[in-house]
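Here is the structure we will look at, set down as structure tokens.
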Amino acid sequence: MKDEKEHSLDPSVSLFNSAPDASSFILHPSSFKFLGIRAAGWAFVVSFMLGLLAAWNTGANLLYLVVGGLGSFVIVSLLIPRWNLRGLNVTRSAPDAAHRGEPFGVTLRIDNAKRYMPCGTVRIERVEAPGGTAALALYIPARRSVVLRSSLTFNRRGVHPLPPMSVRSGFPFGLFDHGRPIRDNVEVVVYPRVKSVRTAWLERLPGAHATPRVVRGGGDEFFSLREYVPGDDVRLIAWRASAKKGVVLVREMARETSRHIVFVLDTCRPPDNPSFDDQFEEAVEMIASLAVALLNRQYIVSIVSPTHRLPGSEGKSQVRRVLDMLARVMPSDDPAHGGFGWFGYGDEYARASYAFVSADPREWGRRLPFGGSRIVDLREVTRA
């Protein structure tokens, strides 16, 4: 079984945001891409050419010896980086999901399949930011592997592949650089950001077709007192009432079937709103924040859009389904998706309350023909 070495990197290093400083382009390696020659390599090549011209002009044997040594040095520097990367296999892994704007860990495993020879000084760099080192392994023994860790941040919601990267080496002298791309299909679902919000205003939302009824059990509101039955939760025993009656009484709690919230999201992009995309992201993040807060309070939450429909459920598993759906919903240019005309009540939402959400501020507060419903004014949603 292969042994593994772990190299801890500075957690502040980001694979996605690392970019070379503009002031370093004067002698930066990425400024000299021809044949993978670095700045020091170009200086060495220029010195070699000047020495060769001097040897031709003077005919001195000592200069020919020096130029020959320099030429051998150049050839070795060109060949060893290519040989150093032979037999290397790089695999990347990342969590299935992450939140927008929050860093998450990326693991890079480098396997050296060479039987006898180790590898030295292997760099991982991002293709879009050449010259910036995302991860570094100084030594990889033969038939062994190393594990490198760094962080990555996505600033857009959705499903994103990991950014293209390459494995490179300038070993041993750092004059010439050779690399090859890392090919994989690793994707990360980027959830919207979740903020702390107050949910009291949701209790004023109108329902669909029926008045909420009160049912017994499993709630947080007092319903009645009854005699203790073996197996009842002792935390529900009403001790004062039991002492007065002379029998053990327990509190029976109630819950309302209206603890089901349906978020209806309008995804249509109006043609005359250039800032709609930013407003849409804010609306999606607000729905995510409210849905997570309600699910943590044992509400049933559903989300409906023209292209997606999430059935109502509760609990921690529904939190993941809500965030996954909101990560995938995108603005639409189809006029049929605007104005909530596409929405229709279903039997599964008969006793639910509805929150109609539009990203266009001009629509906030407008009355809809759905049981007295209005489009939510997102300015009413206050942070906790």
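Residue numbers start at 1 in each chain; chains themselves are named A, B, ... in the order of the structure tokens; ligands are numbered from 1 in the order shown.
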
Pick out the residues sitting within 10 Å of A:Ser166, and hand them over as a PyMOL selection string; count only C-alpha atoms, and ignore anything fewer than 2 positions along from it in its own chain. chain A and resi 90+123-127+130+164+168+178-183

Next, write the just-selected residues to a file, as a compact mmCIF listing (two decimals), in the first residue's frame, keeping C-alpha atoms as the atom set.
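The resulting result15.txt:
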# COMPACT_ATOMS: atom_id res chain seq x y z
CA VAL A 90 -2.33 13.89 -10.32
CA ARG A 123 4.43 22.60 -8.70
CA ILE A 124 0.69 22.83 -9.26
CA GLU A 125 -0.43 26.03 -10.90
CA ARG A 126 -3.69 27.36 -12.27
CA VAL A 127 -3.82 27.69 -16.06
CA PRO A 130 0.40 31.24 -14.89
CA PRO A 164 -8.08 23.96 -15.17
CA ARG A 168 4.89 21.74 -13.73
CA HIS A 178 7.92 21.92 -18.38
CA GLY A 179 4.31 21.05 -17.60
CA ARG A 180 1.22 19.16 -18.64
CA PRO A 181 -2.49 19.75 -17.90
CA ILE A 182 -4.45 17.96 -15.19
CA ARG A 183 -7.46 16.30 -16.79

Using only C-alpha atoms, determine which residues lie at most 10 Å from A:Glu227, disregarding the query and same-chain residues fewer than 3 positions distant; provide the list as a list in words. Pro230, Asp232, Ile237, Ser242, Val247, Val248, Leu249, Val250, Arg251 and Glu252 of chain A

Go ahead and write the residues just picked, C-alpha atoms, as a tab-separated table (two decimals), in the first residue's frame.
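Done, and the output landed in again-v4.tsv:
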chain	number	residue	atom	x	y	z
A	230	PRO	CA	-46.79	4.93	30.54
A	232	ASP	CA	-45.21	9.66	27.85
A	237	ILE	CA	-45.71	16.37	33.19
A	242	SER	CA	-50.98	16.98	39.09
A	247	VAL	CA	-53.21	12.29	39.57
A	248	VAL	CA	-50.29	12.63	37.21
A	249	LEU	CA	-51.24	14.91	34.31
A	250	VAL	CA	-49.25	15.66	31.16
A	251	ARG	CA	-49.48	18.59	28.78
A	252	GLU	CA	-50.69	17.74	25.31

Could you give me, as number ranges by chain, the residues within 9 Å of A:Phe343, counting only C-alpha atoms and dropping anything in the same chain fewer than 4 positions from it? A: 264, 304-306

Go through A:Thr267, A:Thr58, A:Gln279, A:Thr133 and flag the residue nearest A:Arg328, using only C-alpha atoms for the distances.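 That would be A:Thr267, the residue with the smallest distance to A:Arg328.
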
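Remark: for A:Trp42, the closest of the candidate residues A:Val74, A:Lys245, A:Leu294, A:Ala97 is A:Val74 (distances computed over only C-alpha atoms).
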
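Non-sequential neighbours of A:Ala43 (distance at most 12 Å, separation of 2 or more positions within a chain, only C-alpha atoms) are Leu27, Pro29, Phe32, Ile37, Arg38, Ala39, Ala40, Gly41, Val45, Val46, Ser47, Phe48, Met49, Leu50, Val74, Leu175 and Phe176 of chain A.
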
Check stretch 40-148 of chain A with DSSP on the backbone and list each residue it calls helix (DSSP H, G or I), as a ChimeraX atom specification. /A:40-58,61-85

Please produce a file of the residues just selected, as a PDB file, in the first residue's frame, where the atoms kept are C-alpha atoms.
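Produced file out.pdb, reproduced below:
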ATOM      1  CA  ALA A  40      16.837  32.984 -15.308  1.00  0.00           C
ATOM      2  CA  GLY A  41      16.899  30.587 -18.261  1.00  0.00           C
ATOM      3  CA  TRP A  42      16.850  33.439 -20.753  1.00  0.00           C
ATOM      4  CA  ALA A  43      19.703  35.117 -18.916  1.00  0.00           C
ATOM      5  CA  PHE A  44      21.645  31.843 -19.041  1.00  0.00           C
ATOM      6  CA  VAL A  45      20.938  31.384 -22.769  1.00  0.00           C
ATOM      7  CA  VAL A  46      22.088  34.948 -23.493  1.00  0.00           C
ATOM      8  CA  SER A  47      25.285  34.316 -21.527  1.00  0.00           C
ATOM      9  CA  PHE A  48      25.841  31.105 -23.493  1.00  0.00           C
ATOM     10  CA  MET A  49      25.408  32.893 -26.850  1.00  0.00           C
ATOM     11  CA  LEU A  50      27.773  35.692 -25.820  1.00  0.00           C
ATOM     12  CA  GLY A  51      30.358  33.140 -24.716  1.00  0.00           C
ATOM     13  CA  LEU A  52      29.984  31.257 -28.012  1.00  0.00           C
ATOM     14  CA  LEU A  53      30.526  34.463 -30.033  1.00  0.00           C
ATOM     15  CA  ALA A  54      33.580  35.290 -27.930  1.00  0.00           C
ATOM     16  CA  ALA A  55      35.002  31.803 -28.542  1.00  0.00           C
ATOM     17  CA  TRP A  56      34.487  32.127 -32.306  1.00  0.00           C
ATOM     18  CA  ASN A  57      36.140  35.537 -32.405  1.00  0.00           C
ATOM     19  CA  THR A  58      39.145  34.679 -30.239  1.00  0.00           C
ATOM     20  CA  ASN A  61      40.370  26.823 -26.244  1.00  0.00           C
ATOM     21  CA  LEU A  62      39.477  27.861 -22.701  1.00  0.00           C
ATOM     22  CA  LEU A  63      36.406  29.719 -23.954  1.00  0.00           C
ATOM     23  CA  TYR A  64      35.361  26.683 -26.006  1.00  0.00           C
ATOM     24  CA  LEU A  65      35.610  24.547 -22.863  1.00  0.00           C
ATOM     25  CA  VAL A  66      33.479  27.037 -20.934  1.00  0.00           C
ATOM     26  CA  VAL A  67      30.903  27.252 -23.749  1.00  0.00           C
ATOM     27  CA  GLY A  68      30.769  23.459 -23.972  1.00  0.00           C
ATOM     28  CA  GLY A  69      30.079  23.233 -20.265  1.00  0.00           C
ATOM     29  CA  LEU A  70      27.365  25.844 -20.554  1.00  0.00           C
ATOM     30  CA  GLY A  71      25.825  23.978 -23.493  1.00  0.00           C
ATOM     31  CA  SER A  72      25.761  20.716 -21.513  1.00  0.00           C
ATOM     32  CA  PHE A  73      24.165  22.593 -18.638  1.00  0.00           C
ATOM     33  CA  VAL A  74      21.441  23.911 -20.958  1.00  0.00           C
ATOM     34  CA  ILE A  75      20.720  20.456 -22.417  1.00  0.00           C
ATOM     35  CA  VAL A  76      20.467  18.872 -18.955  1.00  0.00           C
ATOM     36  CA  SER A  77      18.174  21.691 -17.803  1.00  0.00           C
ATOM     37  CA  LEU A  78      15.906  21.080 -20.795  1.00  0.00           C
ATOM     38  CA  LEU A  79      15.673  17.287 -20.453  1.00  0.00           C
ATOM     39  CA  ILE A  80      15.432  16.702 -16.697  1.00  0.00           C
ATOM     40  CA  PRO A  81      12.122  18.618 -16.119  1.00  0.00           C
ATOM     41  CA  ARG A  82      10.429  16.469 -18.778  1.00  0.00           C
ATOM     42  CA  TRP A  83      11.839  13.301 -17.290  1.00  0.00           C
ATOM     43  CA  ASN A  84      10.896  14.475 -13.802  1.00  0.00           C
ATOM     44  CA  LEU A  85       7.189  14.582 -14.736  1.00  0.00           C
TER      45      LEU A  85
END

Proximity of stretch 258-365 of chain A to stretch 157-160 of chain A: per-residue shortest pair, 10 Å limit, only C-alpha atoms, as JSON lines:
{"residue": "A:Glu281", "atom": "CA", "partner": "A:Arg157", "partner_atom": "CA", "distance": 8.2}
{"residue": "A:Val284", "atom": "CA", "partner": "A:Arg157", "partner_atom": "CA", "distance": 9.8}
{"residue": "A:Glu285", "atom": "CA", "partner": "A:Arg157", "partner_atom": "CA", "distance": 9.9}
{"residue": "A:Asp324", "atom": "CA", "partner": "A:Gly158", "partner_atom": "CA", "distance": 8.9}
{"residue": "A:Met325", "atom": "CA", "partner": "A:Gly158", "partner_atom": "CA", "distance": 9.6}
{"residue": "A:Leu326", "atom": "CA", "partner": "A:Gly158", "partner_atom": "CA", "distance": 8.4}
{"residue": "A:Ala327", "atom": "CA", "partner": "A:Gly158", "partner_atom": "CA", "distance": 4.8}
{"residue": "A:Arg328", "atom": "CA", "partner": "A:Gly158", "partner_atom": "CA", "distance": 5.4}
{"residue": "A:Val329", "atom": "CA", "partner": "A:Gly158", "partner_atom": "CA", "distance": 8.0}
{"residue": "A:Met330", "atom": "CA", "partner": "A:Gly158", "partner_atom": "CA", "distance": 8.4}

Near A:Pro271, within 10 Å and counting only C-alpha atoms, which residues show up once chain neighbours fewer than 3 positions away are dropped, as a ChimeraX atom specification? /A:268,274,276,333,335

Could you write those residues out with N, CA and C atoms, as a CSV table (one decimal), in the first residue's frame?
chain,number,residue,atom,x,y,z
A,268,CYS,N,-38.2,35.2,-14.6
A,268,CYS,CA,-38.2,35.9,-15.9
A,268,CYS,C,-37.3,37.2,-15.7
A,274,PRO,N,-31.1,46.3,-16.3
A,274,PRO,CA,-29.7,45.8,-16.5
A,274,PRO,C,-29.1,45.2,-15.2
A,276,PHE,N,-30.6,43.2,-13.2
A,276,PHE,CA,-31.5,42.1,-12.7
A,276,PHE,C,-30.7,40.9,-12.2
A,333,ASP,N,-35.1,34.0,-19.9
A,333,ASP,CA,-35.5,35.0,-20.9
A,333,ASP,C,-36.8,34.7,-21.6
A,335,PRO,N,-40.6,34.9,-21.9
A,335,PRO,CA,-41.7,35.7,-21.3
A,335,PRO,C,-42.8,34.9,-20.6

Can you list, as a tab-separated table (two decimals) with C-alpha atoms, in the first residue's frame, all residues belonging to stretch 123-270 of chain A that DSSP tags as strand (DSSP E)?
chain	number	residue	atom	x	y	z
A	123	ARG	CA	4.43	22.60	-8.70
A	124	ILE	CA	0.69	22.83	-9.26
A	125	GLU	CA	-0.43	26.03	-10.90
A	126	ARG	CA	-3.69	27.36	-12.27
A	133	THR	CA	2.06	28.37	-7.35
A	134	ALA	CA	-1.11	26.83	-5.93
A	135	ALA	CA	0.61	23.82	-4.34
A	136	LEU	CA	4.19	22.58	-4.09
A	137	ALA	CA	5.82	19.20	-3.44
A	138	LEU	CA	9.57	19.34	-2.88
A	139	TYR	CA	10.19	15.58	-2.97
A	140	ILE	CA	8.16	12.53	-4.03
A	145	SER	CA	2.53	9.58	-3.22
A	146	VAL	CA	2.07	12.94	-1.56
A	147	VAL	CA	-1.15	14.74	-0.69
A	148	LEU	CA	-1.32	18.51	-1.05
A	149	ARG	CA	-4.13	20.65	0.29
A	150	SER	CA	-5.20	24.14	-0.61
A	151	SER	CA	-8.37	26.20	-0.81
A	152	LEU	CA	-10.66	27.38	-3.58
A	158	GLY	CA	-24.28	27.13	-9.85
A	159	VAL	CA	-22.53	23.92	-10.83
A	160	HIS	CA	-18.86	24.56	-11.61
A	161	PRO	CA	-15.98	22.29	-12.62
A	165	MET	CA	-4.68	23.38	-13.64
A	166	SER	CA	-1.33	21.97	-14.70
A	167	VAL	CA	1.51	20.13	-13.02
A	168	ARG	CA	4.89	21.74	-13.73
A	169	SER	CA	8.53	21.24	-12.87
A	178	HIS	CA	7.92	21.92	-18.38
A	179	GLY	CA	4.31	21.05	-17.60
A	180	ARG	CA	1.22	19.16	-18.64
A	181	PRO	CA	-2.49	19.75	-17.90
A	187	GLU	CA	-17.61	19.39	-10.26
A	188	VAL	CA	-18.77	21.38	-7.24
A	189	VAL	CA	-22.34	22.56	-6.61
A	190	VAL	CA	-22.07	26.13	-5.33
A	191	TYR	CA	-24.94	26.94	-2.95
A	214	VAL	CA	-55.03	22.54	14.87
A	215	VAL	CA	-53.99	18.93	15.33
A	216	ARG	CA	-52.66	17.27	18.43
A	217	GLY	CA	-49.13	16.14	19.12
A	218	GLY	CA	-45.62	17.00	18.11
A	219	GLY	CA	-46.03	20.78	18.34
A	220	ASP	CA	-44.94	23.66	20.49
A	221	GLU	CA	-48.33	25.16	21.50
A	222	PHE	CA	-50.34	24.06	24.56
A	223	PHE	CA	-53.48	22.08	23.65
A	224	SER	CA	-54.87	20.38	26.79
A	225	LEU	CA	-54.11	18.30	29.90
A	226	ARG	CA	-54.67	14.57	30.10
A	227	GLU	CA	-53.82	11.73	32.45
A	249	LEU	CA	-51.24	14.91	34.31
A	250	VAL	CA	-49.25	15.66	31.16
A	251	ARG	CA	-49.48	18.59	28.78
A	252	GLU	CA	-50.69	17.74	25.31
A	253	MET	CA	-49.14	19.99	22.68
A	254	ALA	CA	-50.60	21.18	19.40
A	255	ARG	CA	-49.25	22.17	16.04
A	256	GLU	CA	-50.83	23.93	13.07
A	260	HIS	CA	-45.98	24.69	5.49
A	261	ILE	CA	-44.43	27.53	3.49
A	262	VAL	CA	-44.25	27.51	-0.31
A	263	PHE	CA	-41.79	29.91	-1.94
A	264	VAL	CA	-42.82	30.76	-5.51
A	265	LEU	CA	-39.92	32.30	-7.46
A	266	ASP	CA	-40.34	34.32	-10.66

Gap from atom CA of A:Arg320 to atom CA of A:Arg193 - Å, one decimal: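 Rounded to one decimal, the two atoms are 12.9 Å apart.
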
Using only C-alpha atoms, which of A:Pro163, A:Pro118, A:Gly59, A:Gly365 sits nearest A:Ala94? A:Pro163

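Here the question is which of A:Gly132, A:Gly174, A:Gly344, A:Gly339 gets nearest to A:Arg367 using only C-alpha atoms, and that residue is A:Gly339.
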